[in-house]
$ cat target-v3.txt   # compact mmCIF, C-alpha atoms
# COMPACT_ATOMS: atom_id res chain seq x y z
CA MET F 248 0.00 0.00 0.00
CA ARG F 249 2.79 2.41 0.90
CA ARG F 250 4.54 1.66 -2.41
CA PHE F 251 1.36 2.50 -4.29
CA TYR F 252 1.00 5.75 -2.32
CA TRP F 253 4.50 6.92 -3.24
CA PHE F 254 3.97 5.88 -6.86
CA LEU F 255 0.78 7.95 -6.94
CA LEU F 256 2.58 10.98 -5.53
CA PHE F 257 5.40 10.58 -8.05
CA SER F 258 2.95 10.34 -10.96
CA LEU F 259 1.06 13.39 -9.72
CA ALA F 260 4.30 15.38 -9.45
CA LEU F 261 5.22 14.51 -13.03
CA PHE F 262 1.78 15.56 -14.22
CA LEU F 263 1.81 18.86 -12.37
CA GLY F 264 5.32 19.55 -13.59
CA GLY F 265 4.14 19.08 -17.14
CA VAL F 266 1.17 21.35 -16.61
CA ALA F 267 3.33 24.01 -15.00
CA SER F 268 5.54 24.17 -18.06
CA ALA F 269 2.62 24.56 -20.48
CA GLN F 270 2.51 28.04 -21.94
CA GLN F 271 -0.83 29.11 -23.40
CA GLY F 272 -0.03 31.91 -25.76
CA ALA F 273 -0.13 32.54 -29.48
CA GLY F 274 2.55 30.33 -30.95
CA GLY F 275 4.40 30.24 -27.62
CA SER F 276 7.61 28.23 -27.83
CA SER F 277 10.50 27.37 -25.56
CA GLU F 278 12.53 25.64 -28.27
CA ASP F 279 15.79 27.42 -29.08
CA THR F 280 15.98 27.15 -32.87
CA ARG F 281 19.27 29.05 -32.86
CA ALA F 282 20.93 25.74 -31.97
CA ALA F 283 19.49 24.02 -35.06
CA ALA F 284 21.82 22.81 -37.80
CA PRO F 285 22.10 25.13 -40.82
CA CYS F 286 21.01 24.21 -44.33
CA ASN F 287 23.52 21.68 -45.62
CA LEU F 288 23.58 23.14 -49.14
CA PRO F 289 26.52 25.29 -50.33
CA GLY F 290 26.36 28.90 -49.24
CA ALA F 291 27.29 32.04 -51.15
CA ALA F 292 30.87 32.20 -52.37
CA ALA F 293 33.24 34.51 -50.51
CA ILE F 294 34.28 37.80 -52.12
CA ASN F 295 37.87 38.09 -50.98
CA THR F 296 38.61 41.51 -52.48
CA PRO F 297 37.42 44.34 -50.22
CA ALA F 298 35.19 46.96 -51.80
CA THR F 299 36.53 50.42 -52.54
CA ASP F 300 34.86 53.73 -53.37
CA THR F 301 34.62 52.71 -57.04
CA THR F 302 34.69 48.90 -57.10
CA GLY F 303 32.82 46.03 -55.54
CA PRO F 304 29.18 44.93 -55.46
CA SER F 305 26.56 47.38 -54.22
CA ALA F 306 23.33 45.39 -54.47
CA MET F 307 21.69 43.15 -51.87
CA ALA F 308 22.91 39.56 -51.95
CA PRO F 309 21.39 36.74 -49.85
CA LYS F 310 23.90 34.63 -47.90
CA GLY F 311 21.68 32.24 -45.95
CA TYR F 312 18.75 30.04 -46.92
CA VAL F 313 15.17 30.60 -45.78
CA LYS F 314 15.64 27.81 -43.22
CA ASP F 315 18.58 29.68 -41.70
CA LEU F 316 16.70 32.96 -41.44
CA MET F 317 13.73 31.16 -39.91
CA ASN F 318 15.79 29.31 -37.29
CA TYR F 319 18.23 32.06 -36.38
CA MET F 320 16.16 35.23 -36.72
CA VAL F 321 12.43 34.79 -37.34
CA MET F 322 11.58 32.09 -34.79
CA PRO F 323 13.69 33.45 -31.90
CA SER F 324 12.31 36.96 -32.37
CA ALA F 325 8.72 35.70 -32.74
CA ALA F 326 9.16 33.68 -29.53
CA GLY F 327 10.28 36.86 -27.80
CA VAL F 328 6.91 38.40 -28.65
CA TRP F 329 4.76 35.31 -28.02
CA ASN F 330 6.32 34.37 -24.69
CA ALA F 331 6.11 37.91 -23.32
CA VAL F 332 2.40 37.48 -22.62
CA ALA F 333 1.55 33.95 -21.54
CA THR F 334 -0.52 31.90 -19.14
CA SER F 335 0.89 29.02 -17.11
CA THR F 336 -0.88 26.61 -14.79
CA ASP F 337 0.58 24.64 -11.88
CA GLN F 338 -0.56 23.14 -8.59
CA THR F 339 -0.98 26.59 -7.09
CA GLY F 340 -3.27 27.90 -9.82
CA VAL F 341 -3.20 29.96 -13.01
CA HIS F 342 -0.43 32.53 -13.48
CA GLU F 343 -0.26 35.38 -15.97
CA SER F 344 3.14 36.36 -17.32
CA ARG F 345 3.53 39.90 -18.64
CA PRO F 346 6.40 42.36 -19.01
CA GLN F 347 6.82 44.31 -15.78
CA THR F 348 9.82 46.60 -16.08
CA ASP F 349 11.19 48.90 -18.75
CA ASP F 350 13.91 46.34 -19.40
CA ASP F 351 11.25 43.64 -19.94
CA TRP F 352 9.45 45.82 -22.46
CA ASN F 353 12.68 46.78 -24.21
CA LYS F 354 13.39 43.09 -24.80
CA VAL F 355 9.96 42.72 -26.40
CA ILE F 356 10.61 45.80 -28.52
CA ALA F 357 13.92 44.29 -29.65
CA SER F 358 12.22 41.03 -30.61
CA ALA F 359 9.42 42.78 -32.50
CA THR F 360 11.92 44.97 -34.34
CA GLU F 361 14.02 41.99 -35.39
CA LEU F 362 10.95 40.06 -36.53
CA ALA F 363 9.57 42.97 -38.54
CA GLU F 364 12.89 43.60 -40.30
CA SER F 365 13.77 39.92 -40.86
CA THR F 366 10.72 39.54 -43.10
CA ASN F 367 12.29 42.09 -45.45
CA LEU F 368 15.29 39.77 -45.72
CA LEU F 369 12.99 36.92 -46.75
CA MET F 370 11.84 39.01 -49.71
CA ILE F 371 15.32 39.67 -51.14
CA THR F 372 15.53 38.48 -54.74
CA GLY F 373 17.46 35.23 -55.00
CA ARG F 374 16.66 33.95 -51.52
CA LYS F 375 16.27 30.16 -51.70
CA ARG F 376 14.66 27.54 -49.54
CA CYS F 377 16.83 24.71 -48.30
CA VAL F 378 14.17 22.30 -49.57
CA GLY F 379 12.50 23.47 -52.78
CA GLY F 380 14.97 26.07 -54.00
CA ALA F 381 13.92 29.52 -55.12
CA ILE F 382 10.29 30.59 -55.07
CA PRO F 383 8.96 30.22 -58.66
CA GLU F 384 8.23 33.51 -60.37
CA ALA F 385 4.53 32.68 -60.61
CA PHE F 386 4.39 32.70 -56.79
CA ALA F 387 6.83 35.56 -56.14
CA THR F 388 4.15 38.17 -55.43
CA ASP F 389 2.24 35.83 -53.14
CA TRP F 390 5.46 34.94 -51.28
CA ARG F 391 6.31 38.60 -50.74
CA ARG F 392 2.73 39.37 -49.69
CA LYS F 393 2.75 36.62 -47.06
CA ALA F 394 6.18 37.66 -45.77
CA ARG F 395 5.01 41.27 -45.65
CA GLU F 396 1.95 40.26 -43.63
CA VAL F 397 4.20 38.70 -40.99
CA GLY F 398 6.21 41.93 -40.96
CA GLU F 399 3.10 44.08 -40.59
CA ALA F 400 1.85 41.90 -37.74
CA ALA F 401 5.24 42.25 -36.08
CA ASN F 402 5.09 46.02 -36.56
CA ILE F 403 1.82 46.13 -34.63
CA ALA F 404 3.56 44.22 -31.84
CA LEU F 405 6.35 46.80 -31.99
CA ILE F 406 3.92 49.72 -31.78
CA VAL F 407 1.97 48.35 -28.81
CA ALA F 408 5.13 47.19 -27.02
CA LYS F 409 6.37 50.78 -27.07
CA LYS F 410 3.08 51.69 -25.37
CA HIS F 411 3.52 48.88 -22.80
CA ASP F 412 0.10 47.52 -23.76
CA ALA F 413 0.17 43.82 -22.80
CA ASP F 414 -3.38 43.04 -23.97
CA ALA F 415 -2.74 44.48 -27.43
CA LEU F 416 0.60 42.64 -27.54
CA GLY F 417 -1.22 39.35 -27.00
CA GLU F 418 -3.57 40.19 -29.89
CA ALA F 419 -0.62 41.10 -32.11
CA GLY F 420 0.95 37.76 -31.24
CA GLU F 421 -2.19 36.03 -32.51
CA ARG F 422 -1.92 37.82 -35.85
CA ILE F 423 1.76 36.89 -36.11
CA ASP F 424 0.88 33.26 -35.42
CA VAL F 425 -1.85 33.18 -38.09
CA SER F 426 0.30 34.90 -40.72
CA CYS F 427 3.20 32.50 -40.06
CA ASP F 428 0.91 29.49 -40.43
CA GLN F 429 -0.52 30.81 -43.71
CA CYS F 430 2.96 31.11 -45.17
CA HIS F 431 4.09 27.69 -43.92
CA GLU F 432 0.97 26.05 -45.33
CA ARG F 433 2.09 26.98 -48.83
CA TYR F 434 5.87 27.32 -48.80
CA GLN F 435 7.36 25.14 -46.05
CA LEU F 436 8.34 21.87 -47.69
CA LEU F 437 9.13 18.74 -45.68
CA ASP F 438 11.54 16.57 -47.62
CA ASP F 439 10.86 13.42 -45.60
CA ASP F 440 7.05 13.67 -45.62
CA PRO F 441 5.66 14.02 -49.16
CA THR F 442 2.05 13.71 -47.99
CA ASP F 443 2.27 17.05 -46.19
CA ASN F 444 3.62 18.73 -49.32
CA ASN F 445 0.31 18.49 -51.17
CA ALA F 446 -0.81 21.85 -52.62
CA LYS F 447 2.48 23.48 -51.64
CA VAL F 448 4.92 25.38 -53.85
CA TRP F 449 7.49 22.78 -54.86
CA GLY F 450 10.07 24.72 -56.86
CA THR F 451 12.92 22.27 -57.51
CA TRP F 452 11.53 19.70 -55.04
CA LYS F 453 10.05 16.48 -56.41
CA PRO F 454 7.88 14.04 -54.44
CA LYS F 455 8.99 10.52 -53.69
CA ALA F 456 7.84 7.72 -55.95
CA GLY F 457 4.26 6.74 -55.31
CA SER F 458 3.25 10.05 -53.76
CA LYS F 459 -0.14 11.39 -54.81
CA ALA F 460 0.70 14.93 -53.73
CA LYS F 461 0.09 17.72 -56.25
CA PRO F 462 1.86 21.09 -56.40
CA ALA F 463 0.11 24.36 -55.66
CA VAL F 464 -1.54 26.15 -58.55
CA PRO F 465 -0.21 29.69 -59.13
CA PRO F 466 -2.70 32.30 -57.86
CA SER F 467 -3.07 33.87 -61.32
CA ALA F 468 -3.83 30.49 -62.90
CA ALA F 469 -6.37 29.66 -60.23
CA ALA F 470 -8.09 33.02 -60.72
CA ALA F 471 -8.14 32.58 -64.50
CA SER F 472 -9.73 29.12 -64.35
CA PRO F 473 -13.46 29.47 -65.07
CA ALA F 474 -15.76 28.09 -62.44
CA LYS F 475 -17.57 24.92 -63.42
CA PRO F 476 -21.27 25.51 -64.04
CA ALA F 477 -23.58 24.08 -61.46
CA ALA F 478 -25.30 20.89 -62.43
CA ALA F 479 -28.87 21.30 -63.55
CA PRO F 480 -31.40 20.03 -61.01
CA LYS F 481 -32.95 16.71 -61.85
CA SER F 482 -36.59 16.89 -62.68

$ encode --input "target-v3.txt" --output "structure tokens"
Amino acid sequence: MRRFYWFLLFSLALFLGGVASAQQGAGGSSEDTRAAAPCNLPGAAAINTPATDTTGPSAMAPKGYVKDLMNYMVMPSAAGVWNAVATSTDQTGVHESRPQTDDDWNKVIASATELAESTNLLMITGRKRCVGGAIPEAFATDWRRKAREVGEAANIALIVAKKHDADALGEAGERIDVSCDQCHERYQLLDDDPTDNNAKVWGTWKPKAGSKAKPAVPPSAAAASPAKPAAAPKS
């Protein structure tokens, strides 16, 4: 009987510990994606000759892949916004987590700024995905529009963070979460799971043999396709 009692207490402690760590916020995450491995494809070649007043490149040139920007800039900065306003539950009750000091709010402002600006980097011409390659031209406008929406959502978070408005920050986090999901649903390819790549933008990616997945249809082509007439009612 005593052994069962201690086993019950141990199980309850594990359960409560799991509940205590649960964060209920828009997209809240404790995973540190900055420790993730980079894209294993070749990066941009080094330019060994320093620029001068009259020589050297002067245009934007992407160095990392979309995966790298997502793991090292977008996700960490988004987490800084999401986790700023969260709800946790443990054996003592429900606890609200919000920025309290100027330093707390400045950290949120830093995260929102980085997130808003990192979406501009996603839109640089020539940026490639680690899986799927460059965004096809037929989808370029849609890609930029979805990246811009994440940036605009982050800008709202930036604006309200400067006002120290925690409620509005939580709402901004929701919009960031939705806009991220909308982009992932079309452009985030999973090389080891062809089923989930149905109706996504493939680029240079090809499904494994036997997959029934189909690529996304360019927005212009979908809009140009005439709607099928409704079937006439049977008399």

$ closest_atom_pairs --input "target-v3.txt" --of "region 371-453 of chain F" --to "region 345-357 of chain F" --cutoff "8 Å" --atoms "only C-alpha atoms" --output "CSV"
residue,atom,partner,partner_atom,distance
F:Ala404,CA,F:Ile356,CA,8.0
F:Leu405,CA,F:Ile356,CA,5.6
F:Ala408,CA,F:Ile356,CA,5.8
F:Lys409,CA,F:Ile356,CA,6.7
F:His411,CA,F:Trp352,CA,6.7
F:Ala413,CA,F:Arg345,CA,6.6

$ atom_distance --input "target-v3.txt" --atom1 "CA of Ile423 (chain F)" --atom2 "CA of Val341 (chain F)"
24.6 Å

$ closest_residue --input "target-v3.txt" --among "F:Gly420, F:Gly327, F:Gly290, F:Gly303" --to "Lys375 (chain F)" --atoms "only C-alpha atoms"
F:Gly290

$ atom_distance --input "target-v3.txt" --atom1 "CA of Ala292 (chain F)" --atom2 "CA of Gly380 (chain F)"
17.1 Å

$ atom_distance --input "target-v3.txt" --atom1 "CA of Glu364 (chain F)" --atom2 "CA of Ala415 (chain F)"
20.3 Å

$ closest_residue --input "target-v3.txt" --among "F:Val332, F:Cys286, F:Leu369, F:Met307" --to "Trp390 (chain F)" --atoms "all atoms listed in the file"
F:Leu369
